[in-house]
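Novice: For reference, this is structure.txt, and it has compact mmCIF, C-alpha atoms.
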```
# COMPACT_ATOMS: atom_id res chain seq x y z
CA MET A 1 0.00 0.00 0.00
CA ASN A 2 1.31 3.44 -0.96
CA TYR A 3 0.20 5.20 2.23
CA VAL A 4 1.67 8.54 1.15
CA LEU A 5 -0.52 8.58 -1.97
CA LYS A 6 -3.51 7.33 0.03
CA GLU A 7 -3.04 10.10 2.59
CA ALA A 8 -2.62 12.74 -0.14
CA MET A 9 -5.87 11.65 -1.81
CA ALA A 10 -7.71 11.74 1.51
CA ARG A 11 -6.33 15.19 2.33
CA ALA A 12 -7.41 16.45 -1.10
CA GLY A 13 -10.84 14.84 -0.76
CA LEU A 14 -10.31 12.80 -3.93
CA SER A 15 -11.62 9.29 -4.47
CA VAL A 16 -10.16 6.66 -6.80
CA VAL A 17 -12.76 7.61 -9.39
CA ASP A 18 -11.93 11.32 -9.04
CA VAL A 19 -8.22 10.74 -9.63
CA ALA A 20 -8.92 8.41 -12.54
CA ALA A 21 -11.15 11.01 -14.18
CA GLN A 22 -8.63 13.83 -13.81
CA LEU A 23 -5.75 11.74 -15.12
CA GLU A 24 -7.90 10.03 -17.77
CA VAL A 25 -7.06 6.50 -16.68
CA ASP A 26 -9.07 3.50 -15.55
CA PRO A 27 -9.99 3.47 -11.81
CA LYS A 28 -8.35 0.06 -11.55
CA THR A 29 -5.09 1.70 -12.57
CA VAL A 30 -5.37 4.10 -9.63
CA GLU A 31 -6.13 1.16 -7.34
CA ARG A 32 -2.94 -0.52 -8.53
CA TRP A 33 -0.99 2.65 -7.77
CA LEU A 34 -2.46 2.67 -4.27
CA ALA A 35 -1.51 -1.00 -3.91
CA GLY A 36 2.13 -0.08 -4.53
CA ARG A 37 2.67 -0.15 -8.29
CA VAL A 38 4.84 2.74 -9.49
CA PRO A 39 3.17 4.75 -12.29
CA HIS A 40 4.89 5.57 -15.56
CA PRO A 41 6.87 8.85 -15.57
CA ARG A 42 4.09 10.86 -17.27
CA SER A 43 1.49 9.67 -14.75
CA ARG A 44 3.88 10.30 -11.85
CA ALA A 45 4.32 13.89 -12.99
CA ARG A 46 0.58 14.46 -13.32
CA LEU A 47 -0.14 12.84 -9.96
CA SER A 48 2.58 14.92 -8.34
CA ALA A 49 0.96 18.10 -9.66
CA LEU A 50 -2.52 16.96 -8.66
CA MET A 51 -1.50 16.03 -5.10
CA LYS A 52 0.91 18.97 -4.75
CA LEU A 53 3.64 16.61 -3.56
CA PRO A 54 7.08 15.94 -5.08
CA GLU A 55 7.46 12.63 -6.91
CA SER A 56 10.37 11.70 -4.66
CA HIS A 57 8.03 11.85 -1.65
CA MET A 58 5.43 9.49 -3.12
CA TRP A 59 7.82 7.16 -4.97
CA PRO A 60 11.32 7.35 -3.46
CA GLY A 61 13.95 6.32 -5.97
CA ALA A 62 11.51 5.74 -8.83
CA SER A 63 13.53 7.88 -11.25
CA SER A 64 16.99 6.76 -10.17
CA PRO A 65 18.30 3.20 -10.64
CA MET A 66 21.07 3.87 -8.13
CA ARG A 67 18.58 5.17 -5.57
CA ARG A 68 16.35 2.14 -6.16
CA ARG A 69 19.25 -0.16 -5.39
CA GLN A 70 19.98 1.79 -2.21
CA LEU A 71 16.37 1.50 -1.06
CA HIS A 72 15.93 -2.16 -1.98
CA GLY A 73 14.69 -4.02 1.05
CA THR A 74 14.22 -0.85 3.11
CA GLU A 75 11.95 -1.22 6.12
CA VAL A 76 10.51 2.30 5.90
CA GLN A 77 7.24 2.22 3.97
CA ALA A 78 5.96 5.71 4.81
CA VAL A 79 6.66 8.67 7.09
CA TYR A 80 3.97 10.96 8.48
CA PRO A 81 5.28 14.24 9.95
CA HIS A 82 2.44 14.24 12.51
CA ARG A 83 0.20 11.48 13.84
CA TRP A 84 -2.88 13.55 13.10
CA GLN A 85 -1.98 13.29 9.42
CA VAL A 86 -2.45 9.51 9.41
CA PRO A 87 -5.96 8.97 7.98
CA ALA A 88 -8.38 7.03 10.17
CA ASP A 89 -8.84 4.34 7.53
CA VAL A 90 -5.08 3.69 7.53
CA TRP A 91 -5.29 2.64 11.18
CA ARG A 92 -8.35 0.48 10.51
CA ASP A 93 -6.84 -1.17 7.43
CA PHE A 94 -3.57 -1.70 9.27
CA PHE A 95 -5.15 -3.80 12.02
CA ARG A 96 -7.64 -5.43 9.65
CA GLY A 97 -4.74 -6.97 7.74
CA ALA A 98 -3.37 -8.82 10.79
CA GLU A 99 -3.21 -12.60 10.41
CA CYS A 100 -1.23 -13.66 13.48
CA ALA A 101 -0.63 -10.88 15.98
CA ILE A 102 -1.60 -7.36 17.00
CA ASP A 103 0.41 -5.46 19.63
CA VAL A 104 -0.29 -1.98 20.97
CA LEU A 105 1.97 -0.06 23.37
CA VAL A 106 0.65 3.34 24.50
CA TYR A 107 -0.16 5.34 27.59
CA SER A 108 -3.81 5.85 26.65
CA GLY A 109 -4.15 5.45 22.88
CA LEU A 110 -7.45 7.27 23.32
CA PHE A 111 -7.41 8.52 19.72
CA LEU A 112 -7.47 4.88 18.63
CA VAL A 113 -9.88 3.24 21.06
CA GLU A 114 -12.42 6.04 20.69
CA ASP A 115 -12.78 4.86 17.09
CA VAL A 116 -15.59 2.29 17.23
CA ALA A 117 -14.47 0.89 13.87
CA VAL A 118 -11.00 0.13 15.27
CA LEU A 119 -12.45 -1.63 18.32
CA ARG A 120 -14.67 -3.65 16.00
CA VAL A 121 -11.66 -4.66 13.91
CA LEU A 122 -9.72 -5.73 17.02
CA SER A 123 -12.70 -7.77 18.16
CA GLU A 124 -13.09 -9.42 14.75
CA ARG A 125 -9.41 -10.27 14.44
CA ALA A 126 -9.28 -11.72 17.97
CA THR A 127 -12.37 -13.83 17.26
CA ALA A 128 -10.63 -15.05 14.10
CA GLY A 129 -7.70 -16.28 16.19
CA VAL A 130 -5.31 -13.31 16.02
CA LYS A 131 -3.42 -12.77 19.28
CA VAL A 132 -4.09 -9.23 20.55
CA ARG A 133 -1.93 -7.66 23.27
CA LEU A 134 -2.73 -4.19 24.57
CA LEU A 135 -0.37 -2.27 26.88
CA LEU A 136 -1.73 0.88 28.54
CA GLY A 137 -0.12 3.15 31.10
CA ASP A 138 -0.44 2.54 34.83
CA LEU A 139 -2.61 5.29 36.32
CA GLY A 140 -0.39 5.60 39.38
CA SER A 141 2.89 5.63 37.49
CA VAL A 142 5.32 8.48 38.05
CA ASN A 143 6.19 8.35 34.37
CA VAL A 144 2.55 8.85 33.39
CA ALA A 145 2.38 11.92 35.64
CA THR A 146 5.63 13.22 34.19
CA ARG A 147 4.35 12.81 30.64
CA GLY A 148 1.18 14.69 31.53
CA GLY A 149 3.28 17.55 32.87
CA GLU A 150 5.52 17.59 29.79
CA GLU A 151 2.49 17.85 27.51
CA GLY A 152 0.96 20.55 29.68
CA ILE A 153 -2.17 18.54 30.51
CA GLY A 154 -1.25 17.44 34.04
CA ASP A 155 -3.68 14.94 35.60
CA ALA A 156 -5.62 14.77 32.33
CA MET A 157 -3.17 12.11 31.13
CA ALA A 158 -4.34 9.74 33.86
CA GLY A 159 -7.92 10.63 32.98
CA ARG A 160 -7.30 9.71 29.36
CA ILE A 161 -5.93 6.33 30.41
CA ARG A 162 -8.95 5.76 32.65
CA ASN A 163 -11.27 6.47 29.71
CA ALA A 164 -9.27 4.17 27.43
CA LEU A 165 -9.47 1.32 29.96
CA VAL A 166 -13.25 1.65 30.04
CA LEU A 167 -13.42 1.50 26.24
CA VAL A 168 -11.16 -1.55 25.82
CA ARG A 169 -12.50 -3.52 28.78
CA PRO A 170 -15.11 -5.40 26.67
CA LEU A 171 -12.23 -6.82 24.60
CA ALA A 172 -10.83 -8.53 27.70
CA SER A 173 -13.60 -11.12 27.61
CA LEU A 174 -12.67 -12.24 24.11
CA PRO A 175 -10.36 -15.16 23.37
CA HIS A 176 -6.79 -14.30 22.36
CA VAL A 177 -6.96 -10.82 23.97
CA GLU A 178 -4.78 -9.74 26.89
CA ILE A 179 -4.70 -6.25 28.38
CA ARG A 180 -1.90 -5.12 30.67
CA LYS A 181 -0.68 -1.90 32.30
CA HIS A 182 2.91 -0.64 32.37
CA SER A 183 4.86 2.08 34.15
CA THR A 184 7.78 2.54 31.76
CA THR A 185 8.99 5.78 30.21
CA LEU A 186 7.22 5.79 26.84
CA TYR A 187 9.73 6.91 24.23
CA ASN A 188 7.56 5.59 21.39
CA SER A 189 4.01 4.34 21.01
CA ILE A 190 4.17 1.08 19.06
CA PHE A 191 1.41 -0.46 16.95
CA ARG A 192 2.16 -3.83 15.38
CA ARG A 193 0.45 -6.22 13.01
CA ASP A 194 2.47 -9.31 12.15
CA ASP A 195 5.70 -8.03 10.49
CA GLU A 196 4.64 -4.38 10.18
CA LEU A 197 4.74 -1.51 12.65
CA LEU A 198 3.40 2.00 13.00
CA VAL A 199 5.70 3.82 15.42
CA ASN A 200 4.69 7.17 16.93
CA ALA A 201 7.99 8.77 18.00
CA HIS A 202 7.40 11.01 21.01
CA VAL A 203 8.89 14.51 21.24
CA LEU A 204 9.53 16.30 24.53
CA GLY A 205 6.90 18.94 25.23
CA GLN A 206 4.72 17.95 22.28
CA PRO A 207 1.49 15.90 22.34
CA ALA A 208 1.87 12.55 20.61
CA THR A 209 -0.58 13.66 17.94
CA HIS A 210 1.96 16.27 16.77
CA SER A 211 4.85 13.78 16.66
CA PRO A 212 6.00 11.76 13.63
CA VAL A 213 4.79 8.27 12.70
CA LEU A 214 6.91 5.71 10.85
CA HIS A 215 5.34 2.85 8.93
CA LEU A 216 7.84 -0.01 9.00
CA ARG A 217 7.78 -3.42 7.34
CA ARG A 218 10.27 -6.11 8.28
CA GLY A 219 13.04 -6.36 5.68
CA VAL A 220 15.86 -8.82 5.19
CA ASP A 221 17.89 -7.57 8.15
CA CYS A 222 14.89 -6.30 10.22
CA ALA A 223 17.18 -3.77 11.93
CA MET A 224 14.44 -1.30 12.84
CA THR A 225 11.40 -3.55 13.21
CA CYS A 226 13.30 -5.97 15.41
CA THR A 227 14.48 -3.13 17.65
CA TYR A 228 10.93 -1.89 18.25
CA ARG A 229 9.56 -5.40 18.70
CA GLN A 230 12.22 -6.12 21.32
CA SER A 231 11.24 -2.90 23.07
CA PHE A 232 7.61 -4.01 23.16
CA GLU A 233 8.54 -7.43 24.54
CA ARG A 234 10.64 -5.86 27.28
CA VAL A 235 7.76 -3.66 28.41
CA TRP A 236 5.34 -6.60 28.15
CA SER A 237 7.53 -8.77 30.37
CA ASP A 238 7.46 -6.13 33.14
CA SER A 239 3.76 -5.31 32.84
CA VAL A 240 0.80 -6.32 35.00
CA THR A 241 -2.48 -7.84 33.79
CA VAL A 242 -5.49 -5.55 34.02
CA THR A 243 -8.27 -7.28 35.95
CA PRO A 244 -11.79 -7.11 34.42
```
Please render this file's structure as structure tokens.

Specialist:
Amino acid sequence: MNYVLKEAMARAGLSVVDVAAQLEVDPKTVERWLAGRVPHPRSRARLSALMKLPESHMWPGASSPMRRRQLHGTEVQAVYPHRWQVPADVWRDFFRGAECAIDVLVYSGLFLVEDVAVLRVLSERATAGVKVRLLLGDLGSVNVATRGGEEGIGDAMAGRIRNALVLVRPLASLPHVEIRKHSTTLYNSIFRRDDELLVNAHVLGQPATHSPVLHLRRGVDCAMTCTYRQSFERVWSDSVTVTP
């Protein structure tokens, strides 16, 4: 999935049919572009103008054989400057595609669990046999209080976690779902499905919604994805199960 193109279309309010009409191509061609196929140079130029984004941003290395070789096997699939720029359907589609495992490491993740469609997807995947592990912040944690102070929202951080726990509690009764609380310093919020990750890198003094998100897919060496997965497992091993 070309998430950069998908996001650009959503931001511009353009559907597959709209783009196809403006570029005078078949809608199925646009769907293939969204699925990851690189358009021909003429179409790339027209799409770049339509989306008001440089070609290099939507198709890194497409015009340079040397650059393509450098990027071969790269784990980075997309970069969003701010979490709020990640379209809601990207989150839903991300979890919907899970076949084996879903992991979530956050303090509250309220933006996610307030989305009824996301909760429905998590429920459906768990019922289908996908292992779902949710890690939320411990209300009494010093690190949670510190993060609230850094973001300028004080005790509201604990309140957000409390609300999130209420929203995810129905999932706890499902098979293959486990919900735990942690008290670690949260350098990154991690969202995993199988061999792919969405990583929200936190920035001191900024709300998570204003911080960047990396979409990673495990490559040959898995240097980045393995690092974040190990981080999740370390937090999971020190966490405590949330009682219903």

Novice: Which residue out of A:Thr74, A:Ser48, A:Ser56, A:Thr243 has the minimum interatomic distance to Glu178 of chain A when all atoms listed in the file are used?

Specialist: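 Going through A:Thr74, A:Ser48, A:Ser56, A:Thr243 one by one, the smallest distance to Glu178 of chain A is for A:Thr243.
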
Novice: Which residues are close to Ala35 of chain A, i.e. within 7 Å by only C-alpha atoms, leaving aside same-chain residues fewer than 3 positions away? Reply as a list in words.

Specialist: Met1, Asn2, Glu31 and Arg32 of chain A

Novice: Output as a tab-separated table one row per residue of segment 22-120 of chain A within 7 Å of segment 212-224 of chain A: the closest atom pair and its distance in Å to one decimal place, counting all atoms listed in the file, sorted by chain and residue number ascending.

Specialist:
```
residue	atom	partner	partner_atom	distance
A:Gly73	CA	A:Gly219	CA	5.4
A:Thr74	CA	A:Gly219	CA	6.2
A:Glu75	CA	A:Arg217	CA	4.9
A:Val76	CA	A:Leu216	CA	4.7
A:Gln77	CA	A:His215	CA	5.3
A:Ala78	CA	A:His215	CA	5.1
A:Val79	CA	A:Leu214	CA	4.8
A:Tyr80	CA	A:Val213	CA	5.1
A:Pro81	CA	A:Pro212	CA	4.5
A:His82	CA	A:Pro212	CA	4.5
A:Arg83	CA	A:Val213	CA	5.7
```

Novice: Given the choices A:Val130, A:Ile161, A:Leu174, A:Met51, which gets closest to Asp194 of chain A if the distance is worked out from all atoms listed in the file?

Specialist: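 Looking at the shortest contact to Asp194 of chain A, the residue is A:Val130.
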
Novice: Go through A:Arg169, A:Arg125, A:Arg162, A:Lys6 one by one, measure the shortest atom-to-atom distance of each to Asp89 of chain A using only C-alpha atoms, and give the residue with the smallest value.

Specialist: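 Residue with the minimum atom-to-atom distance to Asp89 of chain A: A:Lys6.
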
Novice: Any idea what's packed within 12 Å of Arg180 of chain A, counting all atoms listed in the file, ignoring anything in its chain fewer than 4 positions away? Could you give it as a VMD selection string?

Specialist: chain A and resid 103 to 108 132 to 139 165 168 to 169 172 235 to 244

Novice: Of the residues A:Pro207, A:Phe95, A:Gly13, A:Trp33, which is the one nearest to Gly148 of chain A, using all atoms listed in the file?

Specialist: A:Pro207

Novice: Can you tell me how far atom CA of Thr209 of chain A sits from atom CA of Gly149 of chain A, in Å to one decimal?

Specialist: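 That distance, rounded to one decimal, is 15.9 Å.
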
Novice: List the spatial neighbours of Val113 of chain A as an mmCIF file with C-alpha atoms, in the frame of the given file - criterion: any atom at most 10 Å away, all atoms listed in the file, same-chain residues fewer than 4 positions off excluded.

Specialist:
```cif
data_model
loop_
_atom_site.group_PDB
_atom_site.id
_atom_site.type_symbol
_atom_site.label_atom_id
_atom_site.label_comp_id
_atom_site.auth_asym_id
_atom_site.auth_seq_id
_atom_site.Cartn_x
_atom_site.Cartn_y
_atom_site.Cartn_z
ATOM 1 C CA SER A 108 -3.810 5.850 26.650
ATOM 2 C CA GLY A 109 -4.150 5.450 22.880
ATOM 3 C CA ALA A 117 -14.470 0.890 13.870
ATOM 4 C CA VAL A 118 -11.000 0.130 15.270
ATOM 5 C CA LEU A 119 -12.450 -1.630 18.320
ATOM 6 C CA ARG A 120 -14.670 -3.650 16.000
ATOM 7 C CA LEU A 122 -9.720 -5.730 17.020
ATOM 8 C CA ASN A 163 -11.270 6.470 29.710
ATOM 9 C CA ALA A 164 -9.270 4.170 27.430
ATOM 10 C CA LEU A 165 -9.470 1.320 29.960
ATOM 11 C CA VAL A 166 -13.250 1.650 30.040
ATOM 12 C CA LEU A 167 -13.420 1.500 26.240
ATOM 13 C CA VAL A 168 -11.160 -1.550 25.820
#
```
